[in-house]
$ cat query-v1.txt   # compact mmCIF, C-alpha atoms
# COMPACT_ATOMS: atom_id res chain seq x y z
CA MET K 1 -1.39 -4.90 12.42
CA TYR K 2 -0.11 -7.20 15.13
CA ASP K 3 -1.70 -10.06 17.05
CA LEU K 4 -2.34 -8.48 20.47
CA LYS K 5 -1.14 -11.48 22.48
CA ALA K 6 2.08 -11.75 20.44
CA LEU K 7 2.56 -8.00 20.72
CA ARG K 8 2.20 -8.02 24.50
CA GLU K 9 4.59 -10.95 24.91
CA ASN K 10 7.19 -9.59 22.47
CA LEU K 11 6.94 -5.83 22.91
CA ASP K 12 10.59 -5.19 23.71
CA PRO K 13 11.99 -7.41 20.89
CA ILE K 14 9.61 -5.79 18.39
CA ARG K 15 10.69 -2.33 19.54
CA THR K 16 14.34 -3.32 19.15
CA VAL K 17 13.90 -4.73 15.65
CA LEU K 18 11.97 -1.67 14.46
CA GLY K 19 14.62 0.70 15.80
CA ARG K 20 14.33 4.20 14.31
CA ARG K 21 11.38 2.99 12.26
CA GLY K 22 9.33 2.86 15.44
CA ASN K 23 10.33 6.25 16.83
CA ASP K 24 6.79 7.62 16.45
CA VAL K 25 5.21 4.76 18.41
CA PRO K 26 4.25 5.65 22.03
CA TRP K 27 5.72 2.47 23.48
CA ASP K 28 5.06 3.31 27.14
CA ASP K 29 1.42 4.10 26.38
CA LEU K 30 1.19 0.88 24.40
CA ARG K 31 2.49 -1.18 27.30
CA LYS K 32 0.03 0.43 29.73
CA LEU K 33 -2.91 0.05 27.33
CA SER K 34 -2.05 -3.59 26.78
CA GLU K 35 -2.03 -4.26 30.51
CA ASP K 36 -5.25 -2.27 31.00
CA ARG K 37 -6.97 -4.36 28.34
CA ARG K 38 -5.74 -7.56 29.93
CA THR K 39 -6.95 -6.47 33.37
CA GLN K 40 -10.34 -5.37 32.04
CA THR K 41 -10.75 -8.62 30.11
CA MET K 42 -10.08 -10.68 33.23
CA GLN K 43 -12.56 -8.58 35.22
CA VAL K 44 -15.31 -9.01 32.63
CA GLU K 45 -14.70 -12.77 32.48
CA GLN K 46 -14.83 -13.03 36.28
CA LEU K 47 -18.09 -11.09 36.44
CA ARG K 48 -19.61 -13.29 33.75
CA GLN K 49 -18.65 -16.38 35.72
CA GLU K 50 -20.37 -14.89 38.79
CA LEU K 51 -23.43 -14.18 36.65
CA ASN K 52 -23.52 -17.80 35.46
CA LYS K 53 -23.32 -19.08 39.03
CA GLY K 54 -26.02 -16.64 40.15
CA SER K 55 -28.27 -17.72 37.28
CA GLU K 56 -27.85 -21.34 38.32
CA GLU K 57 -28.76 -20.37 41.92
CA VAL K 58 -31.91 -18.55 40.75
CA ALA K 59 -32.90 -21.62 38.72
CA ARG K 60 -32.32 -23.87 41.74
CA LEU K 61 -34.48 -21.66 43.99
CA ARG K 62 -37.29 -21.67 41.47
CA ARG K 63 -37.17 -25.44 41.10
CA ALA K 64 -37.32 -25.74 44.88
CA LYS K 65 -40.18 -23.21 44.94
CA GLU K 66 -38.14 -21.01 47.27
CA PRO K 67 -38.05 -17.16 47.22
CA ALA K 68 -35.75 -15.91 44.45
CA ASP K 69 -36.44 -12.16 44.46
CA GLU K 70 -33.27 -11.24 46.36
CA ALA K 71 -31.10 -13.45 44.16
CA MET K 72 -32.68 -11.99 41.01
CA ALA K 73 -32.06 -8.44 42.24
CA ALA K 74 -28.43 -9.37 42.86
CA MET K 75 -28.24 -10.69 39.29
CA LYS K 76 -29.60 -7.42 37.94
CA ARG K 77 -26.98 -5.45 39.88
CA LEU K 78 -24.32 -7.82 38.58
CA GLY K 79 -25.61 -7.38 35.02
CA ASP K 80 -25.27 -3.61 35.38
CA ARG K 81 -21.68 -4.05 36.60
CA ILE K 82 -20.93 -6.27 33.62
CA LYS K 83 -22.37 -3.68 31.24
CA ASP K 84 -20.16 -0.98 32.75
CA ALA K 85 -17.11 -3.26 32.71
CA GLU K 86 -17.73 -4.19 29.07
CA GLY K 87 -17.91 -0.49 28.19
CA THR K 88 -14.59 0.11 29.94
CA LEU K 89 -13.07 -2.88 28.13
CA ARG K 90 -14.38 -1.63 24.79
CA ASN K 91 -12.77 1.77 25.37
CA ALA K 92 -9.50 0.09 26.33
CA GLU K 93 -9.60 -2.07 23.19
CA GLU K 94 -10.31 0.94 20.95
CA ALA K 95 -7.44 2.93 22.48
CA LEU K 96 -5.08 -0.03 22.13
CA SER K 97 -6.19 -0.67 18.54
CA ASP K 98 -5.54 2.97 17.60
CA VAL K 99 -1.96 2.70 18.85
CA THR K 100 -1.23 -0.73 17.37
CA LEU K 101 -2.47 0.43 13.95
CA ARG K 102 0.36 2.98 14.03
CA ILE K 103 3.13 0.42 14.51
CA PRO K 104 5.11 -0.22 11.30
CA ASN K 105 5.62 -3.69 9.90
CA LEU K 106 8.70 -5.64 10.94
CA PRO K 107 11.42 -5.72 8.26
CA HIS K 108 12.44 -9.05 6.76
CA THR K 109 15.84 -10.35 7.86
CA SER K 110 17.25 -9.75 4.35
CA VAL K 111 16.49 -6.00 4.45
CA PRO K 112 19.64 -3.84 4.72
CA VAL K 113 19.92 -2.01 8.03
CA GLY K 114 20.20 1.76 7.61
CA ASN K 115 18.86 5.15 8.64
CA ASP K 116 17.84 6.74 5.33
CA ALA K 117 17.98 6.50 1.53
CA SER K 118 21.76 6.99 1.49
CA GLU K 119 22.08 3.48 2.94
CA ASN K 120 19.92 1.71 0.36
CA VAL K 121 21.71 -1.07 -1.52
CA GLU K 122 21.92 -1.26 -5.31
CA VAL K 123 21.06 -4.77 -6.50
CA ARG K 124 21.54 -4.50 -10.27
CA ARG K 125 21.50 -2.18 -13.28
CA TRP K 126 20.09 -2.59 -16.76
CA GLY K 127 20.71 -0.66 -19.98
CA THR K 128 23.18 1.98 -21.08
CA THR K 129 22.62 5.62 -20.18
CA PRO K 130 22.41 7.77 -23.35
CA SER K 131 25.03 10.34 -24.29
CA PHE K 132 24.19 13.74 -25.79
CA SER K 133 26.26 16.20 -27.81
CA THR K 134 24.65 19.09 -25.91
CA LEU K 135 23.27 19.49 -22.39
CA PRO K 136 20.10 17.36 -22.18
CA LYS K 137 16.91 19.31 -21.51
CA PRO K 138 14.53 18.58 -18.61
CA HIS K 139 11.23 17.03 -19.56
CA TRP K 140 9.19 20.17 -18.85
CA ASP K 141 11.20 22.16 -21.41
CA ILE K 142 10.90 19.33 -23.93
CA GLY K 143 7.17 18.93 -23.42
CA GLU K 144 6.40 22.65 -23.52
CA GLY K 145 8.62 23.05 -26.58
CA LEU K 146 6.66 20.35 -28.37
CA GLY K 147 3.35 21.85 -27.26
CA ILE K 148 2.24 18.65 -25.50
CA LEU K 149 2.61 19.76 -21.84
CA ASP K 150 0.92 22.82 -20.35
CA PHE K 151 1.57 23.61 -16.71
CA ASP K 152 0.34 27.21 -16.83
CA ARG K 153 -3.18 26.26 -17.88
CA ALA K 154 -3.19 23.40 -15.36
CA ALA K 155 -2.37 25.93 -12.63
CA LYS K 156 -5.22 28.13 -13.85
CA ILE K 157 -7.64 25.22 -13.78
CA ALA K 158 -6.59 23.61 -10.51
CA GLY K 159 -3.40 25.03 -8.98
CA ALA K 160 0.18 23.95 -8.41
CA ARG K 161 1.27 20.34 -8.95
CA PHE K 162 -1.16 19.61 -11.77
CA SER K 163 -0.55 19.18 -15.50
CA VAL K 164 -2.40 19.25 -18.80
CA MET K 165 -1.28 16.97 -21.64
CA THR K 166 -2.52 17.52 -25.17
CA GLY K 167 -2.07 16.08 -28.63
CA ALA K 168 0.71 13.53 -28.98
CA GLY K 169 1.49 13.89 -25.25
CA ALA K 170 -2.00 12.77 -24.27
CA ARG K 171 -1.83 9.95 -26.81
CA LEU K 172 1.57 8.85 -25.53
CA GLU K 173 0.22 8.69 -21.97
CA ARG K 174 -2.69 6.56 -23.18
CA ALA K 175 -0.34 4.38 -25.22
CA LEU K 176 1.79 3.71 -22.14
CA ILE K 177 -1.27 2.71 -20.10
CA ASN K 178 -2.51 0.32 -22.78
CA PHE K 179 0.94 -1.16 -23.37
CA MET K 180 1.47 -1.80 -19.65
CA LEU K 181 -1.97 -3.37 -19.16
CA ASP K 182 -1.64 -5.52 -22.28
CA THR K 183 1.78 -6.77 -21.17
CA HIS K 184 0.71 -7.61 -17.64
CA THR K 185 -2.53 -9.33 -18.67
CA THR K 186 -1.39 -11.25 -21.77
CA GLN K 187 2.22 -12.04 -20.84
CA HIS K 188 2.39 -12.00 -17.04
CA GLY K 189 -0.97 -13.52 -16.13
CA TYR K 190 -2.63 -10.69 -14.18
CA ARG K 191 -6.39 -10.18 -14.15
CA GLU K 192 -7.38 -6.61 -15.02
CA VAL K 193 -9.57 -4.67 -12.59
CA VAL K 194 -11.33 -1.32 -12.90
CA PRO K 195 -11.86 -0.38 -9.23
CA PRO K 196 -13.57 2.59 -7.54
CA LEU K 197 -11.48 5.74 -7.24
CA MET K 198 -13.07 6.53 -3.88
CA VAL K 199 -12.85 4.14 -0.94
CA ASN K 200 -14.16 3.99 2.62
CA ARG K 201 -12.22 4.23 5.87
CA PRO K 202 -11.93 0.46 6.46
CA SER K 203 -10.29 0.07 3.04
CA MET K 204 -7.69 2.72 3.83
CA THR K 205 -7.10 1.18 7.25
CA GLY K 206 -6.75 -2.29 5.77
CA THR K 207 -3.80 -1.37 3.55
CA GLY K 208 -2.08 0.82 6.14
CA GLN K 209 -2.83 4.39 4.98
CA LEU K 210 -4.97 5.03 8.06
CA PRO K 211 -4.74 6.16 10.73
CA LYS K 212 -1.09 7.23 10.42
CA PHE K 213 -1.13 9.00 7.02
CA GLU K 214 -4.51 10.73 6.98
CA GLU K 215 -2.93 14.15 6.33
CA ASP K 216 -1.52 12.85 3.03
CA LEU K 217 -4.95 11.85 1.70
CA PHE K 218 -7.71 13.74 -0.07
CA ARG K 219 -11.00 13.24 1.78
CA LEU K 220 -14.52 14.23 0.73
CA LYS K 221 -16.03 16.99 2.83
CA ASP K 222 -19.48 15.55 3.50
CA GLU K 223 -18.83 11.82 3.18
CA ASP K 224 -16.21 9.61 4.85
CA TYR K 225 -14.72 8.67 1.50
CA PHE K 226 -11.12 9.09 0.39
CA LEU K 227 -9.68 9.53 -3.11
CA ILE K 228 -7.28 6.64 -3.65
CA PRO K 229 -3.53 7.36 -3.40
CA THR K 230 -2.88 4.18 -5.40
CA ALA K 231 -4.86 1.30 -6.90
CA GLU K 232 -3.24 -0.90 -4.24
CA VAL K 233 -5.99 0.23 -1.84
CA PRO K 234 -9.16 -0.84 -3.70
CA VAL K 235 -7.57 -3.89 -5.35
CA THR K 236 -6.18 -5.31 -2.08
CA ASN K 237 -9.57 -4.73 -0.47
CA LEU K 238 -11.29 -6.82 -3.14
CA HIS K 239 -10.82 -9.72 -0.72
CA ARG K 240 -11.25 -7.93 2.61
CA GLU K 241 -12.92 -10.19 5.22
CA GLU K 242 -12.71 -13.20 2.89
CA ILE K 243 -11.21 -16.67 3.20
CA LEU K 244 -9.59 -17.64 -0.10
CA SER K 245 -9.02 -21.14 -1.37
CA GLY K 246 -5.35 -22.02 -0.93
CA ASP K 247 -5.22 -24.02 -4.15
CA LYS K 248 -6.29 -20.92 -6.12
CA LEU K 249 -3.33 -18.84 -4.90
CA PRO K 250 -1.52 -16.82 -6.01
CA LEU K 251 -4.14 -14.37 -7.24
CA ARG K 252 -2.66 -11.60 -9.38
CA TYR K 253 -4.43 -8.39 -10.38
CA THR K 254 -3.50 -5.31 -12.37
CA ALA K 255 -5.32 -2.00 -12.53
CA TYR K 256 -4.89 1.39 -14.16
CA THR K 257 -6.19 4.30 -12.11
CA PRO K 258 -5.58 7.97 -11.52
CA CYS K 259 -3.98 8.45 -8.09
CA PHE K 260 -4.45 11.39 -5.74
CA ARG K 261 -1.97 12.58 -3.10
CA ARG K 262 -1.66 15.75 -1.09
CA GLU K 263 2.15 15.48 -0.99
CA ALA K 264 1.93 17.10 2.45
CA GLY K 265 5.56 16.37 3.30
CA SER K 266 7.11 17.32 -0.04
CA TYR K 267 7.25 21.11 0.23
CA GLY K 268 9.99 22.40 -2.06
CA LYS K 269 10.61 18.98 -3.70
CA ASP K 270 10.19 18.54 -7.46
CA THR K 271 8.13 21.69 -7.82
CA ARG K 272 8.47 21.64 -11.63
CA GLY K 273 7.37 19.00 -14.04
CA LEU K 274 5.59 15.67 -13.71
CA ILE K 275 7.58 13.94 -10.99
CA ARG K 276 5.45 14.90 -7.97
CA LEU K 277 1.82 15.81 -8.74
CA HIS K 278 -1.43 15.80 -6.78
CA GLN K 279 -3.00 13.69 -9.56
CA PHE K 280 -1.15 11.15 -11.70
CA ASN K 281 -1.78 7.91 -13.55
CA LYS K 282 -0.37 4.55 -12.53
CA VAL K 283 -0.67 0.90 -13.47
CA GLU K 284 -0.54 -1.24 -10.33
CA LEU K 285 0.25 -4.90 -9.71
CA VAL K 286 -1.25 -6.68 -6.67
CA SER K 287 -0.70 -10.27 -5.59
CA PHE K 288 -2.17 -12.54 -2.88
CA THR K 289 -0.15 -15.64 -2.06
CA THR K 290 0.81 -18.11 0.66
CA PRO K 291 3.51 -17.23 3.20
CA ASP K 292 5.93 -19.87 1.93
CA ARG K 293 5.90 -18.38 -1.59
CA SER K 294 5.70 -14.66 -0.96
CA TYR K 295 9.38 -13.83 -1.42
CA GLU K 296 9.51 -15.84 -4.62
CA GLU K 297 6.44 -13.81 -5.66
CA LEU K 298 8.23 -10.54 -4.80
CA GLU K 299 11.05 -11.39 -7.21
CA ARG K 300 8.53 -12.35 -9.87
CA LEU K 301 6.45 -9.17 -9.47
CA THR K 302 9.59 -7.00 -9.51
CA GLY K 303 10.68 -8.72 -12.70
CA HIS K 304 7.32 -7.94 -14.31
CA ALA K 305 7.76 -4.23 -13.55
CA GLU K 306 11.34 -4.38 -14.87
CA SER K 307 10.17 -5.94 -18.13
CA ILE K 308 8.20 -2.79 -18.95
CA LEU K 309 11.32 -0.64 -18.62
CA GLN K 310 13.33 -3.12 -20.66
CA SER K 311 10.73 -3.17 -23.44
CA LEU K 312 10.82 0.64 -23.50
CA GLU K 313 14.65 0.52 -23.59
CA LEU K 314 14.92 2.76 -20.55
CA PRO K 315 18.05 2.36 -18.39
CA TYR K 316 17.29 1.69 -14.75
CA ARG K 317 18.60 0.19 -11.56
CA VAL K 318 17.04 -1.94 -8.79
CA VAL K 319 17.61 -0.83 -5.20
CA ALA K 320 16.84 -2.72 -1.98
CA LEU K 321 15.49 -0.20 0.51
CA CYS K 322 17.09 -0.15 3.95
CA THR K 323 15.10 -0.34 7.18
CA GLY K 324 15.10 3.44 7.62
CA ASP K 325 13.75 4.22 4.14
CA MET K 326 11.13 1.51 3.78
CA GLY K 327 7.41 2.26 3.78
CA PHE K 328 5.18 1.80 6.83
CA SER K 329 3.48 -1.45 5.75
CA ALA K 330 6.32 -3.16 3.90
CA ALA K 331 8.46 -6.06 5.12
CA LYS K 332 10.78 -5.71 2.11
CA THR K 333 10.86 -3.30 -0.82
CA TYR K 334 12.70 -3.01 -4.11
CA ASP K 335 12.64 0.38 -5.81
CA LEU K 336 13.09 0.59 -9.58
CA GLU K 337 14.85 3.85 -10.46
CA VAL K 338 14.94 5.07 -14.05
CA TRP K 339 17.74 7.23 -15.45
CA LEU K 340 16.89 10.92 -16.01
CA PRO K 341 19.58 12.62 -18.13
CA SER K 342 18.67 16.20 -17.10
CA GLN K 343 19.22 15.31 -13.42
CA LYS K 344 22.11 12.93 -14.07
CA GLN K 345 20.64 10.49 -11.59
CA TYR K 346 18.26 7.58 -11.20
CA ARG K 347 14.77 8.44 -9.90
CA GLU K 348 12.11 6.13 -8.50
CA ILE K 349 9.55 4.87 -11.00
CA SER K 350 8.24 1.82 -9.12
CA SER K 351 8.22 0.36 -5.61
CA CYS K 352 7.64 -3.38 -5.31
CA SER K 353 6.88 -4.60 -1.79
CA ASN K 354 6.04 -7.71 0.18
CA PHE K 355 3.82 -6.82 3.15
CA GLU K 356 3.73 -10.40 4.43
CA ALA K 357 0.58 -10.73 6.64
CA PHE K 358 0.60 -7.09 7.80
CA GLN K 359 -2.18 -5.87 5.49
CA ALA K 360 -4.03 -9.19 5.53
CA ARG K 361 -4.33 -9.11 9.32
CA ARG K 362 -5.72 -5.55 9.22
CA ALA K 363 -8.13 -6.39 6.38
CA GLY K 364 -9.06 -9.90 7.51
CA ILE K 365 -7.84 -11.70 4.37
CA LYS K 366 -7.17 -15.39 4.95
CA TYR K 367 -6.71 -18.55 2.94
CA ARG K 368 -7.80 -22.09 3.75
CA THR K 369 -5.56 -25.11 3.41
CA SER K 370 -6.54 -28.76 3.64
CA SER K 371 -4.39 -31.82 4.20
CA GLY K 372 -7.26 -34.23 3.59
CA GLY K 373 -10.86 -33.97 4.64
CA LYS K 374 -12.81 -30.86 5.52
CA LYS K 375 -12.16 -31.28 9.24
CA ASP K 376 -8.41 -31.14 8.58
CA SER K 377 -8.58 -27.73 6.89
CA LYS K 378 -7.28 -24.63 8.63
CA SER K 379 -7.06 -20.96 7.78
CA ASP K 380 -4.20 -18.48 7.99
CA PHE K 381 -3.51 -14.95 6.78
CA VAL K 382 -2.35 -14.56 3.19
CA HIS K 383 0.69 -12.52 2.25
CA THR K 384 -0.02 -9.47 0.06
CA LEU K 385 2.33 -7.79 -2.39
CA ASN K 386 2.09 -4.87 -4.75
CA GLY K 387 4.19 -2.78 -7.09
CA SER K 388 3.89 -0.08 -9.71
CA GLY K 389 3.97 -1.50 -13.15
CA LEU K 390 4.62 1.46 -13.79
CA ALA K 391 3.98 5.05 -12.71
CA VAL K 392 2.81 6.35 -16.09
CA GLY K 393 3.75 10.02 -15.75
CA ARG K 394 7.27 9.21 -14.62
CA THR K 395 7.62 6.76 -17.52
CA LEU K 396 6.62 9.58 -19.86
CA VAL K 397 9.25 11.79 -18.21
CA ALA K 398 11.92 9.14 -18.82
CA ILE K 399 10.92 8.74 -22.48
CA LEU K 400 10.99 12.49 -23.15
CA GLU K 401 14.43 12.86 -21.58
CA ASN K 402 16.15 9.67 -22.75
CA PHE K 403 14.82 9.82 -26.32
CA GLN K 404 15.15 13.57 -26.95
CA GLN K 405 16.71 14.54 -30.26
CA PRO K 406 18.92 17.53 -31.24
CA ASP K 407 16.09 19.08 -33.27
CA GLY K 408 13.76 19.11 -30.21
CA SER K 409 11.71 16.10 -31.25
CA VAL K 410 11.39 12.88 -29.22
CA GLU K 411 11.80 9.42 -30.66
CA ILE K 412 9.03 7.02 -29.66
CA PRO K 413 10.20 3.62 -28.35
CA SER K 414 9.49 1.00 -30.99
CA VAL K 415 7.23 -1.07 -28.70
CA LEU K 416 4.86 1.90 -28.36
CA ARG K 417 4.59 2.74 -32.05
CA PRO K 418 1.68 0.35 -32.74
CA TYR K 419 -0.23 2.17 -29.97
CA MET K 420 0.62 5.51 -31.60
CA GLY K 421 -0.72 4.65 -35.05
CA GLY K 422 2.79 3.98 -36.35
CA LEU K 423 4.12 7.39 -35.29
CA GLU K 424 7.90 7.26 -34.84
CA ARG K 425 8.58 10.69 -33.39
CA VAL K 426 6.80 13.38 -31.45
CA GLU K 427 7.38 16.69 -33.20
CA ARG K 428 5.93 20.12 -32.63
CA GLU K 429 2.52 20.24 -34.30
$ encode --input "query-v1.txt" --output "structure tokens"
Amino acid sequence: MYDLKALRENLDPIRTVLGRRGNDVPWDDLRKLSEDRRTQTMQVEQLRQELNKGSEEVARLRRAKEPADEAMAAMKRLGDRIKDAEGTLRNAEEALSDVTLRIPNLPHTSVPVGNDASENVEVRRWGTTPSFSTLPKPHWDIGEGLGILDFDRAAKIAGARFSVMTGAGARLERALINFMLDTHTTQHGYREVVPPLMVNRPSMTGTGQLPKFEEDLFRLKDEDYFLIPTAEVPVTNLHREEILSGDKLPLRYTAYTPCFRREAGSYGKDTRGLIRLHQFNKVELVSFTTPDRSYEELERLTGHAESILQSLELPYRVVALCTGDMGFSAAKTYDLEVWLPSQKQYREISSCSNFEAFQARRAGIKYRTSSGGKKDSKSDFVHTLNGSGLAVGRTLVAILENFQQPDGSVEIPSVLRPYMGGLERVERE
């Protein structure tokens, strides 16, 4: 979301900086709507000034005990004109707001310039990719062979892009959730939240999912509620329309939730396995901080997500997304990509982003600073950040593939064994 005055005065520079990222924005309509709103605002203000002068004239006539009926009738006609003008202004503001809500965030100056994922920049790698004496199996073959993954019954229950986990698979998923939450709360200083899984339209608008991405969301038929695509939505909206105390920042939250996505634009992609489902589990990290510390916070948050992969001994790399591959609301994003032996490539397991004030402006989240007394305090928009810490299903995929054994079993990473009752391997029951 942009400040309307700044947007009007800097429309061409903003369009230039966004480049291909702003291809879907109707810039000509935006310019016209902005001018229409300005014109209508000036008209309403002028009419209100005339009304004030007319009211003063009516008061003068009454004090002088002179006839005021004609002046009062003129004021009524003027009031009707103001009502009509305010309605026209309101329509102009709504139309302008709808367009401005569809403008992506401006990328930070450190973001690599590029058109698509092929121009992302690798920042670093961690770990050694495993070697196998035979061709490594994909996770769906491993899971079905162990009897812990069942895609056929999931399809019978719900349809494509769903899964059923049973036995040690279900326990391993739960172990991952608990391990991630314990690490983030006890070691990294996040406050755990259990948020609603359904949110209202203002919440979706505040974090940038609406209005642009409505087709990707699951919405209730008879209520204007949406199933959350990520815990980022309800957790960020914890402080919607609030002014936070600057000396309490940063605020850091973590939440485990199921996530729901239509995957409307993913036809033909990852049709097998757990990579791209309509319902999946994720542990999310969300941070609210001051503008001067937000990029330091991005590095910190990214490091917290990395620590989970390191503890699980999963090889991964960190990639800085280029301008053409970055999400709608982000000013800068690091993707963590874990190694999948069956695909012989790194695949995304976490995105860690700084949105700067983009979400805060849409959701009305500010902080108050003070240089002395109360009268010296001022408020400004916070910077919001979030990242997956981690996507649980994809972490399970990486464990099954990287720790698969020749006999078909899967070794459990040592850090998870206390959560698995001491179990060291997943074997067919």
$ closest_residue --input "query-v1.txt" --among "K:Ala363, K:Met204, K:Ala391, K:Val99" --to "Tyr225 in chain K" --atoms "only C-alpha atoms"
K:Met204
$ residues_around --input "query-v1.txt" --residues "range 120-134 of chain K" --least-positions-apart "2" --cutoff "6 Å" --atoms "all atoms listed in the file" --output "list in words"
Ala117, Ser118, Pro315, Tyr316, Arg317, Val318, Val319, Ala320, Leu321 and Cys322 of chain K
$ residues_around --input "query-v1.txt" --residues "Thr100 in chain K" --least-positions-apart "3" --cutoff "8 Å" --atoms "all atoms listed in the file" --output "ChimeraX atom specification"
/K:1-2,30,96-97,103
$ residues_around --input "query-v1.txt" --residues "Gly206 in chain K" --least-positions-apart "5" --cutoff "8 Å" --atoms "only C-alpha atoms" --output "list in words"
Asn237, Arg240, Gln359, Ala360, Arg362 and Ala363 of chain K
$ closest_atom_pairs --input "query-v1.txt" --of "range 272-363 of chain K" --to "range 413-424 of chain K" --cutoff "10 Å" --atoms "all atoms listed in the file" --output "CSV"
residue,atom,partner,partner_atom,distance
K:Ile308,CA,K:Val415,CA,9.9
K:Ser311,CA,K:Val415,CA,6.7
K:Leu312,CA,K:Pro413,CA,5.7
K:Glu313,CA,K:Pro413,CA,7.2
K:Leu314,CA,K:Pro413,CA,9.2
$ residues_near_point --input "query-v1.txt" --point "(-15.9, 10.8, 0.8)" --cutoff "12 Å" --atoms "only C-alpha atoms" --output "list of chain:residue names"
K:Pro196, K:Leu197, K:Met198, K:Val199, K:Asn200, K:Arg201, K:Met204, K:Leu217, K:Phe218, K:Arg219, K:Leu220, K:Lys221, K:Asp222, K:Glu223, K:Asp224, K:Tyr225, K:Phe226, K:Leu227, K:Ile228
$ residues_around --input "query-v1.txt" --residues "Lys248 in chain K" --least-positions-apart "3" --cutoff "10 Å" --atoms "all atoms listed in the file" --output "compact mmCIF listing (two decimals) with C-alpha atoms, in the coordinates of the input"
# COMPACT_ATOMS: atom_id res chain seq x y z
CA LEU K 244 -9.59 -17.64 -0.10
CA SER K 245 -9.02 -21.14 -1.37
CA LEU K 251 -4.14 -14.37 -7.24
CA PHE K 288 -2.17 -12.54 -2.88
CA THR K 289 -0.15 -15.64 -2.06
CA TYR K 367 -6.71 -18.55 2.94
$ atom_distance --input "query-v1.txt" --atom1 "CA of Leu7 in chain K" --atom2 "CA of Asp29 in chain K"
13.4 Å
$ closest_residue --input "query-v1.txt" --among "K:Leu18, K:Arg252, K:Glu427, K:Arg31" --to "Lys5 in chain K" --atoms "only C-alpha atoms"
K:Arg31
$ atom_distance --input "query-v1.txt" --atom1 "CA of Asp80 in chain K" --atom2 "CA of Leu4 in chain K"
27.8 Å
